[in-house]
$ cat query.tsv   # TSV, C-alpha atoms
chain	number	residue	atom	x	y	z
F	1	MET	CA	20.13	-5.52	26.42
F	2	ASP	CA	23.45	-6.51	24.90
F	3	TRP	CA	21.77	-9.51	23.33
F	4	ILE	CA	19.20	-7.21	21.72
F	5	ILE	CA	21.87	-4.94	20.28
F	6	GLU	CA	23.81	-7.92	19.02
F	7	GLN	CA	20.73	-9.29	17.26
F	8	MET	CA	19.98	-5.89	15.75
F	9	LYS	CA	23.47	-5.69	14.30
F	10	LYS	CA	23.03	-8.82	12.24
F	11	LYS	CA	22.34	-8.30	8.59
F	12	THR	CA	19.64	-10.93	8.31
F	13	TRP	CA	17.57	-13.02	10.65
F	14	SER	CA	16.18	-16.40	9.84
F	15	PRO	CA	12.78	-15.77	8.21
F	16	TYR	CA	11.27	-18.13	10.76
F	17	ALA	CA	12.50	-16.03	13.67
F	18	ALA	CA	11.35	-12.82	12.03
F	19	GLY	CA	8.00	-14.49	11.35
F	20	VAL	CA	7.51	-15.41	15.01
F	21	PHE	CA	8.37	-11.83	15.92
F	22	LEU	CA	5.81	-10.49	13.45
F	23	GLY	CA	3.13	-12.92	14.65
F	24	ILE	CA	3.59	-11.69	18.21
F	25	ILE	CA	3.42	-8.08	17.05
F	26	ASN	CA	0.13	-8.73	15.24
F	27	VAL	CA	-1.37	-10.36	18.31
F	28	LEU	CA	-0.20	-7.47	20.48
F	29	ALA	CA	-1.93	-5.10	18.06
F	30	LEU	CA	-5.25	-6.83	18.66
F	31	VAL	CA	-4.68	-6.84	22.41
F	32	LEU	CA	-3.38	-3.29	22.85
F	33	ILE	CA	-5.33	-1.24	20.31
F	34	SER	CA	-8.08	-3.71	19.29
F	35	LYS	CA	-7.35	-3.20	15.63
F	36	PRO	CA	-5.39	-5.29	13.14
F	37	LEU	CA	-2.25	-3.82	11.60
F	38	GLY	CA	-2.35	-2.71	8.01
F	39	ALA	CA	-0.48	-0.43	5.66
F	40	SER	CA	-2.47	0.42	2.55
F	41	THR	CA	-5.14	2.49	4.31
F	42	ALA	CA	-2.44	4.93	5.37
F	43	PHE	CA	-1.68	5.94	1.79
F	44	ALA	CA	-5.36	6.26	0.91
F	45	LYS	CA	-5.93	8.49	3.94
F	46	MET	CA	-3.01	10.68	2.97
F	47	THR	CA	-4.35	10.95	-0.59
F	48	SER	CA	-7.72	12.05	0.79
F	49	TYR	CA	-5.83	14.65	2.75
F	50	LEU	CA	-4.16	15.93	-0.43
F	51	VAL	CA	-7.59	16.14	-2.07
F	52	LYS	CA	-8.79	18.19	0.88
F	53	ILE	CA	-5.93	20.62	0.41
F	54	GLY	CA	-5.98	20.70	-3.38
F	55	SER	CA	-9.62	20.63	-4.44
F	56	PRO	CA	-11.90	20.50	-1.41
F	57	SER	CA	-15.07	20.51	-3.51
F	58	MET	CA	-14.31	16.90	-4.48
F	59	LEU	CA	-14.77	15.90	-0.85
F	60	ASN	CA	-18.53	15.86	-1.35
F	61	ALA	CA	-18.28	12.62	-3.33
F	62	MET	CA	-19.55	9.52	-1.55
F	63	TYR	CA	-16.11	7.95	-1.40
F	64	TYR	CA	-14.55	10.79	0.53
F	65	LYS	CA	-17.51	11.21	2.83
F	66	PHE	CA	-18.02	7.64	3.91
F	67	VAL	CA	-15.26	5.31	2.78
F	68	MET	CA	-12.05	7.28	3.13
F	69	PRO	CA	-12.51	10.62	4.92
F	70	PRO	CA	-9.28	12.59	5.18
F	71	GLY	CA	-7.53	12.41	8.49
F	72	VAL	CA	-4.78	10.67	10.35
F	73	ASN	CA	-5.81	7.26	11.60
F	74	PHE	CA	-3.75	4.69	13.46
F	75	THR	CA	-2.60	2.99	10.24
F	76	VAL	CA	-0.78	6.18	9.23
F	77	ILE	CA	1.08	6.07	12.52
F	78	VAL	CA	1.91	2.40	11.98
F	79	VAL	CA	3.37	3.18	8.55
F	80	ILE	CA	5.48	5.97	10.04
F	81	GLY	CA	6.65	3.42	12.60
F	82	ILE	CA	7.51	0.95	9.82
F	83	LEU	CA	9.67	3.58	8.14
F	84	ILE	CA	11.45	4.37	11.39
F	85	GLY	CA	11.89	0.69	12.24
F	86	GLY	CA	13.27	-0.17	8.84
F	87	PHE	CA	15.68	2.73	9.02
F	88	ILE	CA	16.92	1.84	12.52
F	89	SER	CA	17.32	-1.78	11.52
F	90	ALA	CA	19.26	-0.98	8.35
F	91	LYS	CA	21.45	1.58	10.07
F	92	MET	CA	22.37	-0.79	12.89
F	93	SER	CA	23.45	-3.51	10.51
F	94	GLY	CA	25.29	-1.15	8.21
F	95	ASP	CA	23.01	-1.81	5.28
F	96	PHE	CA	21.48	1.62	4.88
F	97	ARG	CA	22.23	3.43	1.66
F	98	LEU	CA	20.36	5.78	-0.61
F	99	ARG	CA	20.47	4.68	-4.19
F	100	MET	CA	18.75	5.44	-7.44
F	101	VAL	CA	18.29	1.94	-8.83
F	102	THR	CA	17.53	-1.13	-6.78
F	103	ASP	CA	19.31	-4.47	-6.42
F	104	GLN	CA	21.90	-6.05	-8.59
F	105	GLN	CA	19.30	-8.52	-9.81
F	106	TRP	CA	17.28	-5.72	-11.36
F	107	ILE	CA	20.36	-4.26	-13.03
F	108	ASP	CA	21.35	-7.66	-14.40
F	109	HIS	CA	18.00	-8.14	-15.99
F	110	PHE	CA	16.57	-4.73	-16.84
F	111	GLY	CA	19.65	-2.55	-17.17
F	112	SER	CA	20.63	0.33	-14.95
F	113	SER	CA	18.41	3.06	-16.38
F	114	VAL	CA	17.08	5.21	-13.54
F	115	PHE	CA	14.13	6.37	-15.66
F	116	LYS	CA	13.09	2.77	-16.39
F	117	ARG	CA	13.34	1.72	-12.76
F	118	TRP	CA	11.43	4.72	-11.45
F	119	THR	CA	8.69	4.37	-14.07
F	120	LEU	CA	8.19	0.66	-13.48
F	121	ALA	CA	8.35	1.15	-9.71
F	122	PHE	CA	5.72	3.89	-10.01
F	123	ILE	CA	3.41	1.74	-12.13
F	124	GLY	CA	3.91	-1.26	-9.85
F	125	GLY	CA	3.25	0.84	-6.79
F	126	ALA	CA	0.09	2.33	-8.28
F	127	MET	CA	-1.15	-1.17	-9.14
F	128	ILE	CA	-0.42	-2.34	-5.60
F	129	GLU	CA	-2.29	0.48	-3.90
F	130	TRP	CA	-5.28	0.27	-6.27
F	131	ALA	CA	-5.50	-3.49	-5.80
F	132	ALA	CA	-5.14	-3.18	-2.03
F	133	GLN	CA	-8.03	-0.72	-1.82
F	134	LEU	CA	-10.12	-2.97	-4.06
F	135	ALA	CA	-9.43	-6.12	-2.06
F	136	GLY	CA	-9.66	-4.44	1.33
F	137	GLY	CA	-6.03	-4.55	2.40
F	138	CYS	CA	-2.43	-5.21	1.46
F	139	THR	CA	-0.23	-8.15	2.46
F	140	SER	CA	-0.13	-7.11	6.10
F	141	GLY	CA	-3.67	-5.81	6.44
F	142	LEU	CA	-5.42	-8.56	4.52
F	143	ALA	CA	-3.13	-11.51	3.85
F	144	ILE	CA	-1.66	-11.65	7.35
F	145	SER	CA	-4.13	-9.82	9.60
F	146	GLY	CA	-7.14	-11.18	7.71
F	147	THR	CA	-5.98	-14.78	7.50
F	148	MET	CA	-4.86	-14.85	11.12
F	149	GLN	CA	-8.45	-14.09	12.09
F	150	LEU	CA	-9.50	-16.82	9.63
F	151	ALA	CA	-11.24	-14.49	7.17
F	152	PRO	CA	-11.77	-16.21	3.80
F	153	SER	CA	-10.91	-12.94	2.06
F	154	GLY	CA	-7.30	-13.31	3.18
F	155	LEU	CA	-6.93	-16.73	1.63
F	156	ILE	CA	-8.59	-15.68	-1.65
F	157	PHE	CA	-6.25	-12.70	-1.78
F	158	ILE	CA	-3.14	-14.82	-1.16
F	159	PHE	CA	-4.23	-17.22	-3.88
F	160	GLY	CA	-4.67	-14.40	-6.40
F	161	LEU	CA	-1.40	-12.82	-5.33
F	162	PHE	CA	0.74	-15.87	-5.92
F	163	ALA	CA	-1.08	-16.89	-9.10
F	164	SER	CA	-0.51	-13.60	-10.85
F	165	GLY	CA	2.90	-13.02	-9.27
F	166	ILE	CA	4.21	-16.26	-10.69
F	167	ALA	CA	2.62	-15.57	-14.09
F	168	THR	CA	3.97	-12.02	-14.25
F	169	THR	CA	7.47	-13.03	-13.21
F	170	PHE	CA	7.42	-15.75	-15.81
F	171	LEU	CA	6.44	-13.21	-18.46
F	172	LEU	CA	9.02	-10.66	-17.33
F	173	TYR	CA	11.93	-13.02	-16.99
F	174	GLY	CA	11.24	-15.19	-20.00
F	175	LYS	CA	14.05	-17.62	-20.55
F	176	LYS	CA	15.87	-16.64	-17.38
F	177	TYR	CA	12.95	-17.71	-15.18
K	1	MET	CA	-6.02	13.37	14.25
K	2	GLU	CA	-8.35	10.49	14.85
K	3	VAL	CA	-6.10	8.61	17.25
K	4	THR	CA	-6.08	8.59	21.02
K	5	PHE	CA	-2.82	8.98	22.89
K	6	TRP	CA	-2.46	5.28	23.68
K	7	GLU	CA	-3.33	4.29	20.13
K	8	PHE	CA	-0.61	6.61	18.90
K	9	PHE	CA	1.94	5.29	21.39
K	10	PHE	CA	1.31	1.61	20.71
K	11	SER	CA	0.95	2.11	16.95
K	12	ILE	CA	4.39	3.70	16.72
K	13	ILE	CA	6.02	0.95	18.73
K	14	LEU	CA	4.27	-1.86	16.86
K	15	GLY	CA	5.13	-0.17	13.58
K	16	ILE	CA	8.79	0.06	14.54
K	17	GLY	CA	8.80	-3.64	15.41
K	18	PHE	CA	7.10	-4.43	12.11
K	19	GLY	CA	9.70	-2.43	10.21
K	20	ILE	CA	12.55	-4.19	11.99
K	21	ALA	CA	11.04	-7.62	11.29
K	22	LEU	CA	10.60	-6.82	7.61
K	23	GLN	CA	14.08	-5.43	7.12
K	24	LYS	CA	15.81	-8.25	8.98
K	25	ALA	CA	13.89	-10.87	7.03
K	26	GLY	CA	15.16	-9.22	3.86
K	27	LEU	CA	11.75	-8.40	2.45
K	28	THR	CA	12.82	-4.86	1.62
K	29	LYS	CA	14.92	-6.09	-1.28
K	30	TYR	CA	13.66	-6.37	-4.84
K	31	GLY	CA	15.38	-9.74	-5.23
K	32	THR	CA	13.73	-11.32	-2.20
K	33	ILE	CA	10.22	-10.47	-3.36
K	34	VAL	CA	10.65	-11.48	-6.98
K	35	ASN	CA	12.57	-14.67	-6.28
K	36	VAL	CA	9.72	-16.25	-4.34
K	37	PHE	CA	7.73	-16.24	-7.58
K	38	ARG	CA	10.60	-18.06	-9.24
K	39	PHE	CA	10.78	-20.58	-6.38
K	40	LYS	CA	14.39	-19.64	-5.71
K	41	ASP	CA	14.13	-17.88	-2.35
K	42	LEU	CA	11.15	-18.85	-0.27
K	43	ALA	CA	11.77	-16.30	2.50
K	44	VAL	CA	8.43	-14.55	1.88
K	45	ILE	CA	6.47	-17.75	2.33
K	46	LYS	CA	8.48	-18.82	5.39
K	47	PHE	CA	8.00	-15.38	6.94
K	48	MET	CA	4.27	-15.08	6.27
K	49	LEU	CA	3.40	-18.63	7.26
K	50	THR	CA	5.43	-18.50	10.47
K	51	ALA	CA	3.67	-15.26	11.41
K	52	LEU	CA	0.30	-16.88	10.77
K	53	ILE	CA	1.20	-20.04	12.69
K	54	THR	CA	2.33	-17.98	15.69
K	55	ALA	CA	-0.57	-15.58	15.61
K	56	MET	CA	-3.54	-17.87	15.01
K	57	PRO	CA	-3.37	-20.07	18.13
K	58	LEU	CA	-2.59	-17.06	20.33
K	59	ILE	CA	-5.55	-15.14	18.95
K	60	PHE	CA	-8.01	-17.95	19.38
K	61	LEU	CA	-6.74	-18.69	22.89
K	62	LEU	CA	-7.12	-15.03	23.84
K	63	LYS	CA	-10.56	-14.98	22.22
K	64	ALA	CA	-11.65	-18.03	24.23
K	65	ALA	CA	-10.36	-16.37	27.39
K	66	GLY	CA	-12.41	-13.31	26.59
K	67	ILE	CA	-9.46	-10.93	26.41
K	68	ILE	CA	-9.99	-9.88	22.79
K	69	SER	CA	-12.91	-9.98	20.42
K	70	LEU	CA	-12.59	-10.08	16.64
K	71	THR	CA	-14.59	-7.09	15.49
K	72	ASN	CA	-12.54	-5.97	12.54
K	73	ILE	CA	-12.50	-8.95	10.23
K	74	ASN	CA	-11.95	-8.00	6.60
K	75	PRO	CA	-15.16	-8.58	4.65
K	76	THR	CA	-15.19	-11.35	2.08
K	77	TYR	CA	-16.40	-10.55	-1.41
K	78	ILE	CA	-14.89	-12.94	-3.84
K	79	ALA	CA	-14.73	-10.72	-6.92
K	80	GLY	CA	-12.98	-7.89	-5.13
K	81	ASN	CA	-10.58	-10.02	-3.12
K	82	LEU	CA	-9.64	-12.14	-6.11
K	83	LEU	CA	-9.22	-9.32	-8.62
K	84	GLY	CA	-7.35	-7.30	-6.02
K	85	GLY	CA	-5.06	-10.23	-5.38
K	86	LEU	CA	-4.34	-10.73	-9.06
K	87	VAL	CA	-3.44	-7.09	-9.71
K	88	PHE	CA	-1.49	-6.93	-6.44
K	89	GLY	CA	0.62	-9.92	-7.43
K	90	ALA	CA	1.39	-8.38	-10.80
K	91	GLY	CA	2.41	-5.12	-9.12
K	92	MET	CA	4.66	-6.96	-6.67
K	93	ALA	CA	6.38	-8.90	-9.45
K	94	LEU	CA	6.89	-5.72	-11.46
K	95	SER	CA	8.25	-3.42	-8.79
K	96	GLY	CA	9.51	-5.70	-6.04
K	97	PHE	CA	7.62	-3.81	-3.31
$ encode --input "query.tsv" --output "structure tokens"
Amino acid sequence: MDWIIEQMKKKTWSPYAAGVFLGIINVLALVLISKPLGASTAFAKMTSYLVKIGSPSMLNAMYYKFVMPPGVNFTVIVVIGILIGGFISAKMSGDFRLRMVTDQQWIDHFGSSVFKRWTLAFIGGAMIEWAAQLAGGCTSGLAISGTMQLAPSGLIFIFGLFASGIATTFLLYGKKY
Amino acid sequence: MEVTFWEFFFSIILGIGFGIALQKAGLTKYGTIVNVFRFKDLAVIKFMLTALITAMPLIFLLKAAGIISLTNINPTYIAGNLLGGLVFGAGMALSGF
């Protein structure tokens, strides 16, 4: 128990150790609840729920009837768990703070405008969720959970991810790449 | 609520573990995500590949022993997976999420 608390108080773990931990968690997910872990479906389910509250007549569309009916499925609970886990982990290592603009690296390169950060974060987030629903999962649901079951879709997704990530970073950072 | 009690219980615990793993590996920082695309901080690749290397043999051993069966494999459709991956990568590079 003391060893656990001591590990939790560290600010960073080796990515290899954290990776082994995550691999075990993914296998346990298949064993305990027979479903792979994912994150993007949670946000789509919650959006369907907002549609149900806001304009229920839209729920007759095919998408909301068959692909993404509103409701709370296990992925929503997993995402809530991720939030709690991240919070506990940051609190225990003293790294938790609320802030308006992210890392120093962003400030060095893009300036410290809150409006700029929030707008670009919003656009990036919208792109991520749209792309995840198009591809059938996000990094955890498709790239990790898909590839670990040897689905070709996971590998295609990872390829596209790194290709455009490198290209976009090159465009954004220009000479300081 | 479409979850059973045990699904809820295990999902919360697995989610908490997932969150801890992500935060300790540093993947919650903008810098960590963007720097892998600049080949300066390969933590994302180390993390993802180690998870895959640990999970794959365990899964296929458990499958051979009959303990689990792979019913939920993500469907492969090249156009969607590829286009999704491309836009996803751009979004990651832009926002750092």
$ closest_residue --input "query.tsv" --among "K:Leu27, K:Leu58, K:Ala93, K:Ile53" --to "Leu28 (chain F)" --atoms "all atoms listed in the file"
K:Leu58
$ atom_distance --input "query.tsv" --atom1 "CA of Leu94 (chain K)" --atom2 "CA of Leu120 (chain F)"
6.8 Å
$ interface_residues --input "query.tsv" --of "chain F" --to "chain K" --cutoff "6 Å" --atoms "only C-alpha atoms" --output "PDB file with C-alpha atoms, keeping the file's coordinate frame"
ATOM      1  CA  THR F  12      19.640 -10.930   8.310  1.00  0.00           C
ATOM      2  CA  TRP F  13      17.570 -13.020  10.650  1.00  0.00           C
ATOM      3  CA  PRO F  15      12.780 -15.770   8.210  1.00  0.00           C
ATOM      4  CA  TYR F  16      11.270 -18.130  10.760  1.00  0.00           C
ATOM      5  CA  ALA F  18      11.350 -12.820  12.030  1.00  0.00           C
ATOM      6  CA  GLY F  19       8.000 -14.490  11.350  1.00  0.00           C
ATOM      7  CA  VAL F  20       7.510 -15.410  15.010  1.00  0.00           C
ATOM      8  CA  LEU F  22       5.810 -10.490  13.450  1.00  0.00           C
ATOM      9  CA  GLY F  23       3.130 -12.920  14.650  1.00  0.00           C
ATOM     10  CA  VAL F  27      -1.370 -10.360  18.310  1.00  0.00           C
ATOM     11  CA  ILE F  33      -5.330  -1.240  20.310  1.00  0.00           C
ATOM     12  CA  VAL F  72      -4.780  10.670  10.350  1.00  0.00           C
ATOM     13  CA  ASN F  73      -5.810   7.260  11.600  1.00  0.00           C
ATOM     14  CA  PHE F  74      -3.750   4.690  13.460  1.00  0.00           C
ATOM     15  CA  ILE F  77       1.080   6.070  12.520  1.00  0.00           C
ATOM     16  CA  VAL F  78       1.910   2.400  11.980  1.00  0.00           C
ATOM     17  CA  GLY F  81       6.650   3.420  12.600  1.00  0.00           C
ATOM     18  CA  ILE F  82       7.510   0.950   9.820  1.00  0.00           C
ATOM     19  CA  ILE F  84      11.450   4.370  11.390  1.00  0.00           C
ATOM     20  CA  GLY F  85      11.890   0.690  12.240  1.00  0.00           C
ATOM     21  CA  GLY F  86      13.270  -0.170   8.840  1.00  0.00           C
ATOM     22  CA  SER F  89      17.320  -1.780  11.520  1.00  0.00           C
ATOM     23  CA  ALA F 121       8.350   1.150  -9.710  1.00  0.00           C
ATOM     24  CA  GLY F 124       3.910  -1.260  -9.850  1.00  0.00           C
ATOM     25  CA  MET F 127      -1.150  -1.170  -9.140  1.00  0.00           C
ATOM     26  CA  ILE F 128      -0.420  -2.340  -5.600  1.00  0.00           C
ATOM     27  CA  ALA F 131      -5.500  -3.490  -5.800  1.00  0.00           C
ATOM     28  CA  LEU F 134     -10.120  -2.970  -4.060  1.00  0.00           C
ATOM     29  CA  ALA F 135      -9.430  -6.120  -2.060  1.00  0.00           C
ATOM     30  CA  GLY F 146      -7.140 -11.180   7.710  1.00  0.00           C
ATOM     31  CA  MET F 148      -4.860 -14.850  11.120  1.00  0.00           C
ATOM     32  CA  SER F 153     -10.910 -12.940   2.060  1.00  0.00           C
ATOM     33  CA  ILE F 156      -8.590 -15.680  -1.650  1.00  0.00           C
ATOM     34  CA  PHE F 157      -6.250 -12.700  -1.780  1.00  0.00           C
ATOM     35  CA  GLY F 160      -4.670 -14.400  -6.400  1.00  0.00           C
ATOM     36  CA  LEU F 161      -1.400 -12.820  -5.330  1.00  0.00           C
ATOM     37  CA  SER F 164      -0.510 -13.600 -10.850  1.00  0.00           C
ATOM     38  CA  GLY F 165       2.900 -13.020  -9.270  1.00  0.00           C
ATOM     39  CA  ILE F 166       4.210 -16.260 -10.690  1.00  0.00           C
ATOM     40  CA  THR F 168       3.970 -12.020 -14.250  1.00  0.00           C
ATOM     41  CA  THR F 169       7.470 -13.030 -13.210  1.00  0.00           C
TER      42      THR F 169
END
$ atom_distance --input "query.tsv" --atom1 "CA of Thr41 (chain F)" --atom2 "CA of Thr139 (chain F)"
11.9 Å
$ atom_distance --input "query.tsv" --atom1 "CA of Ile80 (chain F)" --atom2 "CA of Phe159 (chain F)"
28.7 Å
$ residues_around --input "query.tsv" --residues "Arg99 (chain F)" --least-positions-apart "6" --cutoff "12 Å" --atoms "all atoms listed in the file" --output "list in words"
Ser112, Val114, Arg117 and Trp118 of chain F
$ closest_residue --input "query.tsv" --among "F:Lys11, F:Gly38, F:Val31, F:Phe96" --to "Ser145 (chain F)" --atoms "only C-alpha atoms"
F:Gly38
$ axis_aligned_box --input "query.tsv" --around "region 49-68 of chain K" --padding-each-side "3 Å" --output "JSON"
{"center_x": -3.5, "center_y": -15.0, "center_z": 17.3, "size_x": 23.8, "size_y": 16.2, "size_z": 26.1}
$ residues_around --input "query.tsv" --residues "Met68 (chain F)" --least-positions-apart "5" --cutoff "10 Å" --atoms "all atoms listed in the file" --output "list in words"
Thr41, Ala44, Lys45, Met46, Thr47, Ser48, Tyr49, Leu59, Met62 and Tyr63 of chain F
$ build_atoms --input "query.tsv" --residues "region 48-69 of chain K" --atoms "N, CA and C atoms" --output "compact mmCIF listing (two decimals), in the coordinates of the input"
# COMPACT_ATOMS: atom_id res chain seq x y z
N MET K 48 5.71 -15.26 6.11
CA MET K 48 4.27 -15.08 6.27
C MET K 48 3.65 -16.25 7.01
N LEU K 49 4.02 -17.48 6.62
CA LEU K 49 3.40 -18.63 7.26
C LEU K 49 3.78 -18.74 8.73
N THR K 50 5.04 -18.44 9.06
CA THR K 50 5.43 -18.50 10.47
C THR K 50 4.65 -17.47 11.27
N ALA K 51 4.45 -16.27 10.70
CA ALA K 51 3.67 -15.26 11.41
C ALA K 51 2.25 -15.76 11.65
N LEU K 52 1.66 -16.39 10.61
CA LEU K 52 0.30 -16.88 10.77
C LEU K 52 0.24 -17.99 11.81
N ILE K 53 1.22 -18.91 11.75
CA ILE K 53 1.20 -20.04 12.69
C ILE K 53 1.36 -19.55 14.12
N THR K 54 2.18 -18.50 14.32
CA THR K 54 2.33 -17.98 15.69
C THR K 54 1.10 -17.25 16.12
N ALA K 55 0.51 -16.47 15.19
CA ALA K 55 -0.57 -15.58 15.61
C ALA K 55 -1.88 -16.31 15.82
N MET K 56 -2.21 -17.26 14.94
CA MET K 56 -3.54 -17.87 15.01
C MET K 56 -3.86 -18.55 16.34
N PRO K 57 -2.99 -19.44 16.85
CA PRO K 57 -3.37 -20.07 18.13
C PRO K 57 -3.47 -19.05 19.27
N LEU K 58 -2.54 -18.06 19.27
CA LEU K 58 -2.59 -17.06 20.33
C LEU K 58 -3.90 -16.30 20.28
N ILE K 59 -4.32 -15.93 19.06
CA ILE K 59 -5.55 -15.14 18.95
C ILE K 59 -6.74 -15.95 19.43
N PHE K 60 -6.81 -17.21 19.00
CA PHE K 60 -8.01 -17.95 19.38
C PHE K 60 -8.00 -18.36 20.85
N LEU K 61 -6.81 -18.49 21.44
CA LEU K 61 -6.74 -18.69 22.89
C LEU K 61 -7.22 -17.44 23.62
N LEU K 62 -6.71 -16.27 23.17
CA LEU K 62 -7.12 -15.03 23.84
C LEU K 62 -8.61 -14.79 23.65
N LYS K 63 -9.13 -15.18 22.46
CA LYS K 63 -10.56 -14.98 22.22
C LYS K 63 -11.37 -15.87 23.15
N ALA K 64 -10.91 -17.12 23.34
CA ALA K 64 -11.65 -18.03 24.23
C ALA K 64 -11.59 -17.54 25.66
N ALA K 65 -10.47 -16.88 26.03
CA ALA K 65 -10.36 -16.37 27.39
C ALA K 65 -11.09 -15.06 27.57
N GLY K 66 -11.64 -14.52 26.48
CA GLY K 66 -12.41 -13.31 26.59
C GLY K 66 -11.60 -12.03 26.61
N ILE K 67 -10.29 -12.13 26.34
CA ILE K 67 -9.46 -10.93 26.41
C ILE K 67 -9.60 -10.06 25.17
N ILE K 68 -9.77 -10.68 24.00
CA ILE K 68 -9.99 -9.88 22.79
C ILE K 68 -11.25 -10.37 22.10
N SER K 69 -11.80 -9.53 21.24
CA SER K 69 -12.91 -9.98 20.42
C SER K 69 -12.63 -9.53 19.00
